[in-house]
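Participant: Input structure: run30.pdb, which contains PDB, C-alpha atoms.
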MODEL        1
ATOM      1  CA  MET Y   1      96.798  77.688  96.366
ATOM      2  CA  CYS Y   2      95.859  77.344  99.983
ATOM      3  CA  TRP Y   3      92.437  77.974 101.371
ATOM      4  CA  LYS Y   4      91.885  79.169 104.896
ATOM      5  CA  SER Y   5      88.849  78.020 106.787
ATOM      6  CA  THR Y   6      87.285  81.392 105.913
ATOM      7  CA  GLY Y   7      87.506  80.510 102.217
ATOM      8  CA  THR Y   8      90.131  83.120 101.291
ATOM      9  CA  HIS Y   9      93.134  82.279  99.133
ATOM     10  CA  GLU Y  10      96.793  82.654  99.985
ATOM     11  CA  ALA Y  11      99.514  82.724  97.366
ATOM     12  CA  ARG Y  12     102.212  80.138  97.964
ATOM     13  CA  PRO Y  13     105.894  81.102  98.013
ATOM     14  CA  TRP Y  14     106.460  79.560  94.562
ATOM     15  CA  VAL Y  15     104.311  82.337  93.083
ATOM     16  CA  TYR Y  16     106.734  84.985  94.322
ATOM     17  CA  LEU Y  17     109.740  82.949  93.152
ATOM     18  CA  ALA Y  18     108.101  82.593  89.736
ATOM     19  CA  TRP Y  19     107.648  86.374  89.613
ATOM     20  CA  LEU Y  20     111.354  86.816  90.380
ATOM     21  CA  ALA Y  21     112.194  84.444  87.535
ATOM     22  CA  TRP Y  22     109.812  86.379  85.268
ATOM     23  CA  LEU Y  23     111.521  89.639  86.219
ATOM     24  CA  GLY Y  24     114.925  88.138  85.498
ATOM     25  CA  ALA Y  25     113.756  86.896  82.096
ATOM     26  CA  THR Y  26     112.257  90.291  81.279
ATOM     27  CA  LEU Y  27     115.440  92.136  82.227
ATOM     28  CA  TRP Y  28     117.477  89.636  80.192
ATOM     29  CA  VAL Y  29     115.302  90.208  77.101
ATOM     30  CA  ILE Y  30     115.537  93.984  77.495
ATOM     31  CA  HIS Y  31     119.310  93.820  77.913
ATOM     32  CA  GLN Y  32     119.816  91.447  74.981
ATOM     33  CA  THR Y  33     117.561  93.546  72.747
ATOM     34  CA  LEU Y  34     119.370  96.778  73.637
ATOM     35  CA  GLN Y  35     122.726  95.105  72.949
ATOM     36  CA  ASP Y  36     121.428  93.927  69.540
ATOM     37  CA  ALA Y  37     121.960  90.300  70.557
ATOM     38  CA  LEU Y  38     118.294  89.574  69.801
ATOM     39  CA  ASN Y  39     116.606  90.788  66.679
ATOM     40  CA  GLY Y  40     113.270  92.572  66.912
ATOM     41  CA  ARG Y  41     111.140  89.608  65.876
ATOM     42  CA  THR Y  42     112.738  87.258  68.404
ATOM     43  CA  SER Y  43     112.429  89.722  71.270
ATOM     44  CA  TYR Y  44     108.822  90.393  70.242
ATOM     45  CA  TYR Y  45     107.887  86.707  70.398
ATOM     46  CA  ILE Y  46     109.710  86.265  73.698
ATOM     47  CA  THR Y  47     107.802  89.285  74.999
ATOM     48  CA  LEU Y  48     104.537  87.641  73.931
ATOM     49  CA  GLY Y  49     105.534  84.594  75.960
ATOM     50  CA  LEU Y  50     106.448  86.769  78.939
ATOM     51  CA  ALA Y  51     103.084  88.550  78.662
ATOM     52  CA  ALA Y  52     101.254  85.217  78.699
ATOM     53  CA  ALA Y  53     103.347  84.072  81.683
ATOM     54  CA  ALA Y  54     102.561  87.330  83.489
ATOM     55  CA  GLY Y  55      98.854  86.767  82.904
ATOM     56  CA  LEU Y  56      99.124  83.268  84.347
ATOM     57  CA  LEU Y  57     101.139  84.462  87.341
ATOM     58  CA  SER Y  58      98.689  87.330  87.990
ATOM     59  CA  ILE Y  59      95.852  84.934  88.787
ATOM     60  CA  PRO Y  60      97.053  83.893  92.276
ATOM     61  CA  LEU Y  61      97.912  87.492  93.141
ATOM     62  CA  LEU Y  62      94.514  88.835  92.121
ATOM     63  CA  ASN Y  63      92.657  86.051  93.933
ATOM     64  CA  ARG Y  64      93.959  87.506  97.180
ATOM     65  CA  ALA Y  65      94.468  91.199  96.512
ATOM     66  CA  SER Y  66      96.831  92.650  99.103
ATOM     67  CA  VAL Y  67      99.200  95.588  99.095
ATOM     68  CA  VAL Y  68     102.188  93.328  98.379
ATOM     69  CA  ASN Y  69     100.397  91.610  95.513
ATOM     70  CA  ILE Y  70      99.354  94.914  93.949
ATOM     71  CA  LEU Y  71     102.919  96.240  94.373
ATOM     72  CA  ILE Y  72     104.061  93.294  92.267
ATOM     73  CA  LEU Y  73     101.438  93.854  89.568
ATOM     74  CA  VAL Y  74     101.677  97.633  89.129
ATOM     75  CA  PRO Y  75     105.210  97.538  87.628
ATOM     76  CA  VAL Y  76     104.089  94.713  85.339
ATOM     77  CA  TRP Y  77     101.202  96.847  84.084
ATOM     78  CA  LEU Y  78     103.513  99.864  83.701
ATOM     79  CA  PHE Y  79     105.990  97.738  81.746
ATOM     80  CA  GLY Y  80     103.143  96.628  79.474
ATOM     81  CA  ALA Y  81     102.112 100.242  78.902
ATOM     82  CA  TRP Y  82     105.735 101.248  78.223
ATOM     83  CA  TYR Y  83     106.189  98.389  75.773
ATOM     84  CA  SER Y  84     102.968  99.352  73.999
ATOM     85  CA  MET Y  85     104.160 102.930  73.661
ATOM     86  CA  LEU Y  86     107.466 101.749  72.169
ATOM     87  CA  SER Y  87     105.596  99.491  69.765
ATOM     88  CA  MET Y  88     103.478 102.254  68.226
ATOM     89  CA  LYS Y  89     105.395 101.817  64.957
ATOM     90  CA  LEU Y  90     104.125  98.255  64.636
ATOM     91  CA  PRO Y  91     100.867  97.386  62.869
ATOM     92  CA  ALA Y  92      97.862  97.529  65.208
ATOM     93  CA  TYR Y  93      97.471  93.757  65.521
ATOM     94  CA  TRP Y  94     101.150  93.447  66.552
ATOM     95  CA  LEU Y  95     100.903  96.377  68.928
ATOM     96  CA  LEU Y  96      98.055  94.878  70.943
ATOM     97  CA  ALA Y  97      99.196  91.243  70.808
ATOM     98  CA  PRO Y  98     101.128  91.341  74.140
ATOM     99  CA  PHE Y  99      98.113  92.919  75.821
ATOM    100  CA  PHE Y 100      95.827  90.229  74.424
ATOM    101  CA  CYS Y 101      98.279  87.509  75.504
ATOM    102  CA  TYR Y 102      98.319  88.893  79.045
ATOM    103  CA  ALA Y 103      94.591  89.572  79.250
ATOM    104  CA  GLY Y 104      93.561  86.374  77.477
ATOM    105  CA  VAL Y 105      95.583  84.119  79.758
ATOM    106  CA  LEU Y 106      94.475  86.100  82.820
ATOM    107  CA  VAL Y 107      90.775  85.815  81.939
ATOM    108  CA  ALA Y 108      90.966  82.185  80.793
ATOM    109  CA  GLY Y 109      92.984  81.187  83.859
ATOM    110  CA  GLY Y 110      90.640  83.096  86.141
ATOM    111  CA  LEU Y 111      87.645  81.320  84.643
ATOM    112  CA  ILE Y 112      89.373  77.957  85.072
ATOM    113  CA  VAL Y 113      90.153  78.736  88.726
ATOM    114  CA  TRP Y 114      86.568  79.907  89.283
ATOM    115  CA  GLY Y 115      85.190  76.748  87.657
ATOM    116  CA  TRP Y 116      87.513  74.575  89.717
ATOM    117  CA  GLU Y 117      86.354  76.334  92.901
ATOM    118  CA  GLN Y 118      82.732  75.742  91.944
ATOM    119  CA  ILE Y 119      83.431  72.046  91.427
ATOM    120  CA  GLN Y 120      85.282  71.871  94.744
ATOM    121  CA  LYS Y 121      82.454  73.618  96.609
ATOM    122  CA  ARG Y 122      80.038  70.959  95.433
ATOM    123  CA  ALA Y 123      82.407  68.156  96.426
ATOM    124  CA  ILE Y 124      83.358  69.552  99.864
ATOM    125  CA  SER Y 125      81.857  68.287 103.048
ATOM    126  CA  PRO Y 126      79.660  70.689 105.032
ATOM    127  CA  PRO Y 127      81.409  73.888 106.233
ATOM    128  CA  ALA Y 128      81.210  72.804 109.878
ATOM    129  CA  ALA Y 129      83.397  69.765 109.179
ATOM    130  CA  GLU Y 130      85.885  71.922 107.270
ATOM    131  CA  ALA Y 131      86.032  74.478 110.083
ATOM    132  CA  GLU Y 132      87.056  71.700 112.460
ATOM    133  CA  GLN Y 133      89.925  70.796 110.143
ATOM    134  CA  GLY Y 134      91.136  74.428 109.962
ATOM    135  CA  GLY Y 135      91.140  74.698 106.155
ATOM    136  CA  ARG Y 136      92.850  72.778 103.395
ATOM    137  CA  CYS Y 137      95.674  73.095 100.894
ATOM    138  CA  GLU Y 138      95.879  71.611  97.437
TER     139      GLU Y 138
ENDMDL
END
Any chance you could put this one into structure tokens?
Facilitator:
Amino acid sequence: MCWKSTGTHEARPWVYLAWLAWLGATLWVIHQTLQDALNGRTSYYITLGLAAAAGLLSIPLLNRASVVNILILVPVWLFGAWYSMLSMKLPAYWLLAPFFCYAGVLVAGGLIVWGWEQIQKRAISPPAAEAEQGGRCE
């Protein structure tokens, strides 16, 4: 993450490349499942992993909500809703597991980022000195 001197976050290019990789993995799983190359249990567990990865990748996008970032997240949320509708035949704890993977990682990661920011705010020099430097990147 990069911080501007105003304190706002900017997502780095690796975040968008990671989302492209996530999309490729998701399309691969869908294709393999529809071709019966993956059984249901395997595709389900891979989908849980993809949901957790999506939750982790959502953190930088939601820290700096912009139109582009929301345009990335809306299809992810729609895919999650579609997957949940397809999974209605599963027991309730299996049906909601991808949602809890996504939401759990998103909330836990968001709390970690927030805690890290709080620690950094205490360790930073006064804002006037930071303004002279023009911001910082980590």
Participant: Run the PyMOL selection byres ((chain Y and resi 65-81) around 9) mentally over the shown coordinates, then write out the matched residues as a compact mmCIF listing (two decimals) with C-alpha atoms, in the frame of the given file, using the chain letters and numbers from the document.
Facilitator:
# COMPACT_ATOMS: atom_id res chain seq x y z
CA TYR Y 16 106.73 84.98 94.32
CA TRP Y 19 107.65 86.37 89.61
CA ALA Y 51 103.08 88.55 78.66
CA ALA Y 54 102.56 87.33 83.49
CA SER Y 58 98.69 87.33 87.99
CA PRO Y 60 97.05 83.89 92.28
CA LEU Y 61 97.91 87.49 93.14
CA LEU Y 62 94.51 88.84 92.12
CA ASN Y 63 92.66 86.05 93.93
CA ARG Y 64 93.96 87.51 97.18
CA TRP Y 82 105.74 101.25 78.22
CA TYR Y 83 106.19 98.39 75.77
CA SER Y 84 102.97 99.35 74.00
CA MET Y 85 104.16 102.93 73.66
CA LEU Y 86 107.47 101.75 72.17
CA PRO Y 98 101.13 91.34 74.14
CA PHE Y 99 98.11 92.92 75.82
Participant: From the set Y:Leu17, Y:Met88, Y:Ile59, Y:Leu96, which residue has the shortest atom-to-atom contact distance to Trp114 (chain Y), counting all atoms listed in the file?
Facilitator: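 Closest candidate: Y:Ile59.
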Participant: Nearest residue to Tyr102 (chain Y) out of Y:Ser87, Y:Ala18, Y:Gln118, Y:Ala52, using only C-alpha atoms?
Facilitator: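 When distances to Tyr102 (chain Y) are compared using only C-alpha atoms, the smallest one comes from Y:Ala52.
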Participant: Name all residues at most 9 Å from region 23-29 of chain Y (count all atoms listed in the file; drop same-chain ones fewer than 3 positions away) and give them as a PDB file with C-alpha atoms, in the frame of the given file.
Facilitator:
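This went into result08.pdb:
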ATOM      1  CA  ALA Y  18     108.101  82.593  89.736  1.00  0.00           C
ATOM      2  CA  TRP Y  19     107.648  86.374  89.613  1.00  0.00           C
ATOM      3  CA  LEU Y  20     111.354  86.816  90.380  1.00  0.00           C
ATOM      4  CA  GLN Y  32     119.816  91.447  74.981  1.00  0.00           C
ATOM      5  CA  THR Y  33     117.561  93.546  72.747  1.00  0.00           C
ATOM      6  CA  LEU Y  34     119.370  96.778  73.637  1.00  0.00           C
ATOM      7  CA  LEU Y  38     118.294  89.574  69.801  1.00  0.00           C
ATOM      8  CA  SER Y  43     112.429  89.722  71.270  1.00  0.00           C
ATOM      9  CA  ILE Y  46     109.710  86.265  73.698  1.00  0.00           C
ATOM     10  CA  THR Y  47     107.802  89.285  74.999  1.00  0.00           C
ATOM     11  CA  LEU Y  50     106.448  86.769  78.939  1.00  0.00           C
TER      12      LEU Y  50
END
Participant: Using only C-alpha atoms, can you tell me which of Y:Leu57, Y:Lys89, Y:Ala123, Y:Gln35 comes closest to Leu106 (chain Y)?
Facilitator: Y:Leu57
Participant: Record the distance separating CA of Gly55 (chain Y) and CA of His31 (chain Y), expressed in Å with one decimal.
Facilitator: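 For CA of Gly55 (chain Y) relative to CA of His31 (chain Y), the distance reads 22.2 Å.
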Participant: CA of Leu56 (chain Y) and CA of Val105 (chain Y) are how many Å apart?
Facilitator: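 Atom-to-atom, CA of Leu56 (chain Y) to CA of Val105 (chain Y), that is 5.9 Å.
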